[in-house]
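work-v3.txt follows (compact mmCIF, C-alpha atoms):
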# COMPACT_ATOMS: atom_id res chain seq x y z
CA MET A 21 4.58 0.93 -19.04
CA THR A 22 3.87 -2.63 -18.21
CA ALA A 23 2.85 -4.23 -14.94
CA SER A 24 1.56 -7.53 -13.75
CA VAL A 25 -2.02 -6.27 -14.01
CA LEU A 26 -1.59 -6.25 -17.80
CA LEU A 27 -0.69 -9.90 -18.14
CA ARG A 28 -2.45 -12.06 -20.66
CA PRO A 29 -2.25 -15.84 -21.02
CA ALA A 30 0.97 -16.85 -22.82
CA PRO A 31 1.68 -20.10 -24.73
CA PRO A 32 2.99 -22.90 -22.45
CA ALA A 33 6.69 -22.64 -23.49
CA THR A 34 6.71 -18.88 -23.05
CA ALA A 35 4.72 -19.12 -19.82
CA PHE A 36 7.29 -21.59 -18.47
CA LEU A 37 10.15 -19.27 -19.42
CA ARG A 38 8.30 -16.37 -17.80
CA ASP A 39 7.91 -18.34 -14.57
CA GLU A 40 11.61 -19.17 -14.61
CA LEU A 41 12.58 -15.54 -15.17
CA LEU A 42 10.34 -14.40 -12.33
CA ALA A 43 11.47 -17.12 -9.93
CA ASP A 44 15.21 -16.80 -10.55
CA ARG A 45 16.13 -14.08 -12.99
CA THR A 46 19.90 -14.30 -12.55
CA SER A 47 20.17 -18.05 -13.14
CA THR A 48 17.77 -18.02 -16.07
CA LEU A 49 19.49 -15.10 -17.78
CA THR A 50 22.93 -16.60 -17.09
CA ARG A 51 21.87 -19.85 -18.75
CA LEU A 52 20.49 -18.00 -21.77
CA TYR A 53 23.61 -15.85 -21.93
CA GLN A 54 25.96 -18.81 -21.75
CA ARG A 55 24.13 -20.73 -24.47
CA THR A 56 23.46 -17.88 -26.86
CA PHE A 57 26.14 -15.21 -26.63
CA PRO A 58 28.91 -17.29 -28.30
CA MET A 59 26.72 -17.68 -31.42
CA VAL A 60 25.94 -13.97 -31.49
CA ARG A 61 29.60 -13.07 -31.00
CA ARG A 62 30.64 -15.37 -33.86
CA HIS A 63 28.05 -13.81 -36.15
CA VAL A 64 29.05 -10.24 -35.31
CA LEU A 65 32.80 -10.94 -35.52
CA GLU A 66 32.34 -12.56 -38.94
CA ARG A 67 30.55 -9.43 -40.13
CA GLY A 68 33.01 -6.74 -39.20
CA GLY A 69 32.04 -6.15 -35.57
CA THR A 70 33.88 -6.48 -32.28
CA THR A 71 33.16 -8.46 -29.13
CA GLN A 72 31.92 -5.20 -27.56
CA ASP A 73 29.51 -4.73 -30.50
CA ALA A 74 28.26 -8.29 -29.98
CA LYS A 75 27.79 -7.65 -26.27
CA ASP A 76 25.83 -4.42 -26.90
CA VAL A 77 23.56 -6.02 -29.49
CA PHE A 78 22.99 -9.11 -27.36
CA GLN A 79 22.15 -7.13 -24.23
CA ASP A 80 19.78 -4.84 -26.16
CA ALA A 81 18.02 -7.96 -27.40
CA LEU A 82 17.91 -9.54 -23.93
CA VAL A 83 16.37 -6.44 -22.34
CA VAL A 84 13.50 -6.38 -24.83
CA PHE A 85 13.24 -10.18 -24.65
CA TYR A 86 12.85 -9.96 -20.86
CA GLU A 87 10.22 -7.22 -21.05
CA LYS A 88 8.20 -9.02 -23.69
CA THR A 89 8.40 -12.39 -21.96
CA VAL A 90 7.34 -11.27 -18.49
CA SER A 91 4.55 -9.11 -19.86
CA GLY A 92 3.17 -12.02 -21.90
CA ARG A 93 3.72 -10.24 -25.23
CA LEU A 94 6.17 -12.79 -26.64
CA ILE A 95 4.96 -15.80 -28.59
CA LEU A 96 7.87 -18.17 -29.19
CA THR A 97 7.70 -20.58 -32.11
CA CYS A 98 11.32 -21.70 -31.65
CA SER A 99 13.76 -22.00 -28.75
CA PRO A 100 14.63 -18.81 -26.85
CA GLY A 101 18.23 -19.13 -28.07
CA THR A 102 17.24 -19.37 -31.73
CA TYR A 103 14.90 -16.43 -31.31
CA LEU A 104 17.59 -14.30 -29.63
CA VAL A 105 20.18 -15.12 -32.30
CA GLY A 106 17.67 -14.14 -35.00
CA VAL A 107 16.93 -10.86 -33.24
CA CYS A 108 20.65 -10.12 -32.79
CA ARG A 109 21.37 -10.80 -36.48
CA HIS A 110 18.62 -8.35 -37.32
CA LEU A 111 19.88 -5.73 -34.85
CA TRP A 112 23.45 -6.09 -36.08
CA GLN A 113 22.37 -5.71 -39.69
CA GLN A 114 20.48 -2.58 -38.66
CA GLU A 115 23.57 -1.26 -36.88
CA LEU A 116 25.81 -2.00 -39.88
CA SER A 117 23.30 -0.24 -42.08
CA ARG A 118 23.33 2.76 -39.76
CA ARG A 119 27.12 2.82 -39.75
CA ASN A 120 27.29 2.57 -43.51
CA ARG A 121 24.53 5.19 -43.82
CA LEU A 122 22.43 2.86 -45.92
CA PRO A 123 18.69 3.37 -46.03
CA LEU A 124 16.81 0.97 -43.77
CA SER A 125 14.80 -0.23 -46.78
CA GLU A 126 17.92 -2.16 -47.87
CA LEU A 127 17.90 -4.26 -44.73
CA GLY A 128 16.20 -7.07 -46.55
CA GLU A 129 15.02 -10.39 -45.33
CA ALA A 130 15.93 -10.19 -41.65
CA GLU A 131 13.75 -7.19 -41.08
CA GLU A 132 10.78 -8.85 -42.74
CA GLN A 133 11.13 -11.89 -40.49
CA LEU A 134 11.16 -9.91 -37.26
CA PRO A 135 8.78 -7.04 -37.79
CA ASP A 136 7.50 -6.98 -34.23
CA PHE A 137 10.85 -6.65 -32.53
CA ALA A 138 11.74 -3.18 -33.69
CA GLU A 139 10.17 -1.41 -30.75
CA ALA A 140 10.71 2.23 -30.09
CA PRO A 141 12.63 2.66 -26.84
CA ALA A 142 10.76 4.17 -23.91
CA THR A 143 10.45 7.90 -24.28
CA GLU A 144 13.32 9.44 -22.39
CA SER A 145 11.41 12.63 -21.69
CA ALA A 146 12.85 15.19 -19.28
CA PRO A 147 10.35 14.32 -16.51
CA ALA A 148 11.05 10.58 -16.90
CA LEU A 149 14.78 11.26 -16.65
CA ALA A 150 14.14 13.39 -13.55
CA VAL A 151 12.22 10.46 -12.03
CA LEU A 152 15.20 8.25 -12.81
CA ASP A 153 17.37 10.48 -10.60
CA TYR A 154 14.87 10.33 -7.75
CA VAL A 155 14.52 6.56 -7.99
CA ALA A 156 18.27 6.36 -7.41
CA LYS A 157 17.84 8.52 -4.29
CA LEU A 158 15.14 6.30 -2.76
CA GLY A 159 16.20 3.90 -0.04
CA GLU A 160 17.33 0.49 -1.19
CA LYS A 161 14.16 -1.19 0.03
CA CYS A 162 11.77 1.17 -1.80
CA GLN A 163 13.86 0.99 -4.94
CA HIS A 164 13.79 -2.79 -4.78
CA ILE A 165 10.01 -3.01 -4.25
CA LEU A 166 9.14 -0.50 -6.99
CA LEU A 167 11.46 -2.00 -9.61
CA SER A 168 10.49 -5.57 -8.69
CA PHE A 169 6.84 -4.77 -9.25
CA TYR A 170 6.75 -2.19 -12.02
CA TYR A 171 9.71 -3.29 -14.13
CA PHE A 172 10.60 -6.88 -13.29
CA GLN A 173 6.89 -7.69 -12.90
CA GLN A 174 7.31 -9.95 -9.93
CA PRO A 175 4.02 -10.90 -8.27
CA LEU A 176 3.26 -9.18 -4.97
CA GLU A 177 3.24 -12.60 -3.26
CA GLN A 178 6.89 -13.02 -4.21
CA ILE A 179 7.77 -9.45 -3.22
CA ALA A 180 6.06 -9.95 0.15
CA ALA A 181 7.99 -13.17 0.79
CA GLU A 182 11.36 -11.77 -0.32
CA ASN A 183 10.99 -8.65 1.83
CA ASN A 184 9.52 -10.39 4.89
CA TYR A 185 6.12 -8.71 4.72
CA GLY A 186 3.47 -10.63 6.57
CA SER A 187 0.97 -10.48 3.72
CA VAL A 188 0.34 -9.35 0.17
CA ARG A 189 -1.69 -6.48 1.61
CA SER A 190 1.31 -5.24 3.63
CA ALA A 191 3.48 -5.41 0.52
CA THR A 192 0.81 -3.52 -1.46
CA VAL A 193 0.64 -0.77 1.17
CA GLN A 194 4.44 -0.53 1.25
CA LYS A 195 4.58 -0.32 -2.54
CA PHE A 196 2.17 2.62 -2.57
CA LYS A 197 4.04 4.30 0.29
CA CYS A 198 7.23 4.07 -1.78
CA LEU A 199 5.40 5.38 -4.85
CA GLU A 200 4.06 8.25 -2.75
CA ARG A 201 7.59 9.14 -1.61
CA LEU A 202 8.76 9.16 -5.18
CA ARG A 203 5.79 11.28 -6.25
CA LYS A 204 6.42 13.85 -3.56
CA ALA A 205 10.09 14.19 -4.45
CA VAL A 206 9.38 14.47 -8.17
CA ARG A 207 6.41 16.81 -7.73
CA GLN A 208 8.52 19.20 -5.67
CA ALA A 209 11.32 19.06 -8.19
CA LEU A 210 9.01 19.68 -11.14
CA ALA A 211 6.76 22.08 -9.17
CA LEU A 212 3.58 20.33 -10.30
CA PRO A 213 0.12 20.90 -8.81
CA SER A 214 -1.76 17.99 -7.20
CA ALA A 215 -5.34 16.91 -6.58
CA ARG A 216 -4.26 15.50 -3.18
CA MET B 10 -4.83 2.09 3.50
CA ARG B 11 -4.67 5.89 3.87
CA PRO B 12 -6.90 7.88 1.47
CA GLU B 13 -3.78 9.29 -0.25
CA LEU B 14 -2.55 5.78 -0.97
CA GLU B 15 -5.99 4.68 -2.12
CA HIS B 16 -5.93 7.61 -4.53
CA LEU B 17 -2.65 6.32 -6.00
CA GLN B 18 -4.13 2.84 -6.27
CA GLN B 19 -7.13 4.24 -8.12
CA LEU B 20 -4.89 6.11 -10.57
CA GLU B 21 -2.89 2.94 -11.12
CA GLN B 22 -6.00 0.92 -11.89
CA HIS B 23 -6.95 3.40 -14.58
CA LEU B 24 -3.45 3.64 -16.04
CA LEU B 25 -2.24 0.04 -15.85
CA GLY B 26 -5.42 -1.97 -15.45
CA HIS B 27 -8.09 -2.98 -17.89
CA PRO B 28 -10.94 -0.49 -17.53
CA THR B 29 -14.12 -1.22 -19.49
CA PRO B 30 -15.02 1.14 -22.37
CA THR B 31 -17.65 2.78 -20.14
CA GLU B 32 -15.13 3.27 -17.34
CA LYS B 33 -12.71 4.81 -19.84
CA VAL B 34 -15.30 7.32 -21.03
CA LEU B 35 -16.24 8.27 -17.47
CA TRP B 36 -12.58 8.59 -16.53
CA GLN B 37 -11.86 10.88 -19.50
CA ALA B 38 -14.82 13.07 -18.54
CA GLN B 39 -13.56 13.24 -14.97
CA LEU B 40 -10.11 14.29 -16.16
CA GLN B 41 -11.56 17.08 -18.30
CA LEU B 42 -13.58 18.40 -15.37
CA ASP B 43 -10.76 18.20 -12.87
CA PRO B 44 -7.41 19.69 -14.04
CA ALA B 45 -5.72 18.82 -10.74
CA LEU B 46 -6.65 15.16 -11.20
CA ALA B 47 -5.35 15.34 -14.79
CA ALA B 48 -2.06 16.74 -13.46
CA ASP B 49 -1.89 13.89 -10.96
CA VAL B 50 -2.34 11.38 -13.78
CA THR B 51 0.40 13.04 -15.82
CA LEU B 52 2.76 12.85 -12.87
CA GLN B 53 1.90 9.19 -12.31
CA GLN B 54 2.69 8.48 -15.98
CA HIS B 55 6.07 10.19 -15.59
CA LEU B 56 6.72 7.97 -12.56
CA TYR B 57 5.96 4.81 -14.55
CA GLN B 58 8.20 5.96 -17.42
CA GLY B 59 11.00 6.78 -15.00
CA LEU B 60 10.64 3.39 -13.30
CA LEU B 61 10.81 1.73 -16.71
CA LEU B 62 14.08 3.52 -17.44
CA ALA B 63 15.43 2.71 -13.97
CA GLY B 64 14.46 -0.94 -14.39
CA ARG B 65 16.18 -1.13 -17.77
CA ARG B 66 19.28 0.41 -16.27
CA GLN B 67 19.29 -2.17 -13.47
CA LEU B 68 18.70 -5.08 -15.86
CA ARG B 69 21.56 -3.84 -18.05
CA GLN B 70 23.81 -3.75 -14.98
CA GLU B 71 22.78 -7.30 -14.09
CA LEU B 72 23.60 -8.42 -17.65
CA ASP B 73 27.00 -6.74 -17.43
CA ASP B 74 27.64 -8.62 -14.19
CA ILE B 75 26.63 -11.92 -15.84
CA HIS B 76 28.90 -11.16 -18.79
CA ALA B 77 31.82 -10.33 -16.49
CA GLN B 78 31.24 -13.51 -14.52
CA LEU B 79 31.10 -15.72 -17.63
CA TYR B 80 33.87 -14.08 -19.63
CA ARG B 81 36.20 -12.61 -17.04
CA PRO B 82 39.74 -12.25 -18.39
CA ARG B 83 41.84 -15.28 -17.70
CA ARG B 84 44.61 -14.86 -15.18
CA THR B 85 47.44 -14.47 -17.61
CA TRP B 86 49.92 -13.76 -14.82
CA LEU B 87 49.10 -17.11 -13.26
CA ARG B 88 49.44 -18.94 -16.56
CA LYS B 89 52.76 -17.23 -17.23
CA ALA B 90 54.04 -18.13 -13.74
CA VAL B 91 53.02 -21.77 -14.23
CA ALA B 92 54.73 -21.81 -17.65
CA ARG B 93 57.91 -20.36 -16.12
CA LEU B 94 57.77 -22.98 -13.38
CA HIS B 95 57.39 -25.77 -15.97
CA GLN B 96 60.37 -24.38 -17.86
CA ALA B 97 62.47 -24.19 -14.71
CA LEU B 98 61.60 -27.75 -13.76
CA ARG B 99 62.20 -29.13 -17.26
CA PRO B 100 65.35 -31.29 -17.25
CA THR B 101 68.14 -29.61 -19.19
CA ARG B 102 69.93 -31.53 -21.97
CA ARG B 103 73.52 -32.40 -21.42
Would it be possible to restate this file's structure as structure tokens?
Amino acid sequence: MTASVLLRPAPPATAFLRDELLADRTSTLTRLYQRTFPMVRRHVLERGGTTQDAKDVFQDALVVFYEKTVSGRLILTCSPGTYLVGVCRHLWQQELSRRNRLPLSELGEAEEQLPDFAEAPATESAPALAVLDYVAKLGEKCQHILLSFYYFQQPLEQIAAENNYGSVRSATVQKFKCLERLRKAVRQALALPSAR
Amino acid sequence: MRPELEHLQQLEQHLLGHPTPTEKVLWQAQLQLDPALAADVTLQQHLYQGLLLAGRRQLRQELDDIHAQLYRPRRTWLRKAVARLHQALRPTRR
């Protein structure tokens, strides 16, 4: 799990991209999508895939790209578009390999170039999936605050301003109240003991 | 902040913050001595994992919306109607 408390200094280009993603996620992702997806689609279509395959691969790459960028774990040595196309080529080659039941060792060059991207997805354990259900049942406001902070990594200052809280402290208290509501619902569902 | 909320904040600092090596050792000792606290930590970790999954789901939905907005199917009915209109207005040869 990542959160803003884990942030480390990122290189200037990546830090700028991170700021853009945090300030206006939709516009920034739309721009990246518009510039990059046609190249990914062309690549996938030329190698036996469909537009849906290209969309799946591209969105997988964008999700990890977002998480790595906002948590300061991405160091870009090229443009974001070039990086994303490289990652998508790698992911598509992996997918083709899986479909053709080839061993991953035959993936070749692409895999060697992008060793850090192949991250294991978050463990979809039964309790985590149960939490997922209860997040969906939270009110819209709590859902928004918790996801903004814990997943989208928006600073509390921004969350406070967007939700009309008078101060960062008020937003912090509200965040923990929402977390407490989620805890109570999940604890009851999983019948777990508690220290408090 | 209420003590219950401060307790959550404390758990969060240990789980998501940057505790020093000494703090880590003390925290581990505390967890071994207090099973209820350890259970609380486990629950908090499940919450963070669930929020990660929920966040990914939301981001994926946002990306689907962006895709739909950028590549929505063209209005073929409109194009066909315009083409028919052009054909109807085209002067016929005599």
How many Å lie between CA of Gln53 in chain B and CA of Tyr185 in chain A, rounded to one decimal?
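Between CA of Gln53 in chain B and CA of Tyr185 in chain A the gap works out to 25.1 Å.
Using all atoms listed in the file for every distance, the candidate list B:Arg81, B:His23, B:Lys33, B:His76 yields B:His76 as the residue closest to chain A.
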Per residue of chain B within 12 Å of chain A, record the nearest atom pair and its distance in Å to one decimal, counting all atoms listed in the file, with rows in chain order and ascending residue number, as a tab-separated table.
residue	atom	partner	partner_atom	distance
B:Met10	CA	A:Val193	CA	6.6
B:Arg11	CA	A:Val193	CA	8.9
B:Pro12	CA	A:Arg216	CA	9.3
B:Glu13	CA	A:Arg216	CA	6.9
B:Leu14	CA	A:Phe196	CA	5.9
B:Glu15	CA	A:Phe196	CA	8.4
B:His16	CA	A:Arg216	CA	8.2
B:Leu17	CA	A:Phe196	CA	7.0
B:Gln18	CA	A:Phe196	CA	7.3
B:Gln19	CA	A:Phe196	CA	11.0
B:Leu20	CA	A:Phe196	CA	11.2
B:Glu21	CA	A:Val25	CA	9.7
B:Gln22	CA	A:Val25	CA	8.5
B:His23	CA	A:Val25	CA	10.9
B:Leu24	CA	A:Met21	CA	9.0
B:Leu25	CA	A:Val25	CA	6.6
B:Gly26	CA	A:Val25	CA	5.7
B:His27	CA	A:Leu26	CA	7.3
B:Pro28	CA	A:Leu26	CA	11.0
B:Leu40	CA	A:Ala215	CA	11.0
B:Asp43	CA	A:Ala215	CA	8.4
B:Pro44	CA	A:Ala215	CA	8.2
B:Ala45	CA	A:Ala215	CA	4.6
B:Leu46	CA	A:Ala215	CA	5.1
B:Ala47	CA	A:Ala215	CA	8.4
B:Ala48	CA	A:Ser214	CA	6.4
B:Asp49	CA	A:Ser214	CA	5.6
B:Val50	CA	A:Ser214	CA	9.3
B:Thr51	CA	A:Leu212	CA	9.7
B:Leu52	CA	A:Arg207	CA	7.4
B:Gln53	CA	A:Arg203	CA	7.5
B:Gln54	CA	A:Met21	CA	8.4
B:His55	CA	A:Ala148	CA	5.2
B:Leu56	CA	A:Val151	CA	6.1
B:Tyr57	CA	A:Met21	CA	6.1
B:Gln58	CA	A:Ala148	CA	5.5
B:Gly59	CA	A:Ala148	CA	4.2
B:Leu60	CA	A:Leu167	CA	6.6
B:Leu61	CA	A:Tyr171	CA	5.8
B:Leu62	CA	A:Leu152	CA	6.7
B:Ala63	CA	A:Leu152	CA	5.7
B:Gly64	CA	A:Tyr171	CA	5.3
B:Arg65	CA	A:Val83	CA	7.0
B:Arg66	CA	A:Leu152	CA	9.5
B:Gln67	CA	A:Leu167	CA	8.7
B:Leu68	CA	A:Val83	CA	7.0
B:Arg69	CA	A:Gln79	CA	7.0
B:Gln70	CA	A:Gln79	CA	10.0
B:Glu71	CA	A:Thr46	CA	7.7
B:Leu72	CA	A:Gln79	CA	6.9
B:Asp73	CA	A:Gln79	CA	8.4
B:Asp74	CA	A:Thr50	CA	9.7
B:Ile75	CA	A:Thr50	CA	6.1
B:His76	CA	A:Tyr53	CA	7.7
B:Ala77	CA	A:Thr50	CA	10.9
B:Gln78	CA	A:Thr50	CA	9.2
B:Leu79	CA	A:Gln54	CA	7.3
B:Tyr80	CA	A:Gln54	CA	9.5
Just to confirm, what's the straight-line distance from CA of Ala81 in chain A to CA of Ala35 in chain A in Å (one decimal)?
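Computing the Euclidean distance for CA of Ala81 in chain A and CA of Ala35 in chain A yields 18.9 Å.
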To one decimal place, how far is CA of Val77 in chain A from CA of Leu94 in chain A in Å?
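One can read the CA of Val77 in chain A to CA of Leu94 in chain A distance as 18.9 Å.
Counting all atoms listed in the file and comparing A:Ala74, A:Gln114, A:Ile179, A:Thr48, the residue that lies closest to Arg62 in chain A is A:Ala74.
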Identify which of the residues A:Asp73, A:Val60, A:Glu177, A:Lys88 lies closest to Val107 in chain A, counting all atoms listed in the file when measuring atom-to-atom distances.
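With all atoms listed in the file as the atom set, the closest residue is A:Val60.
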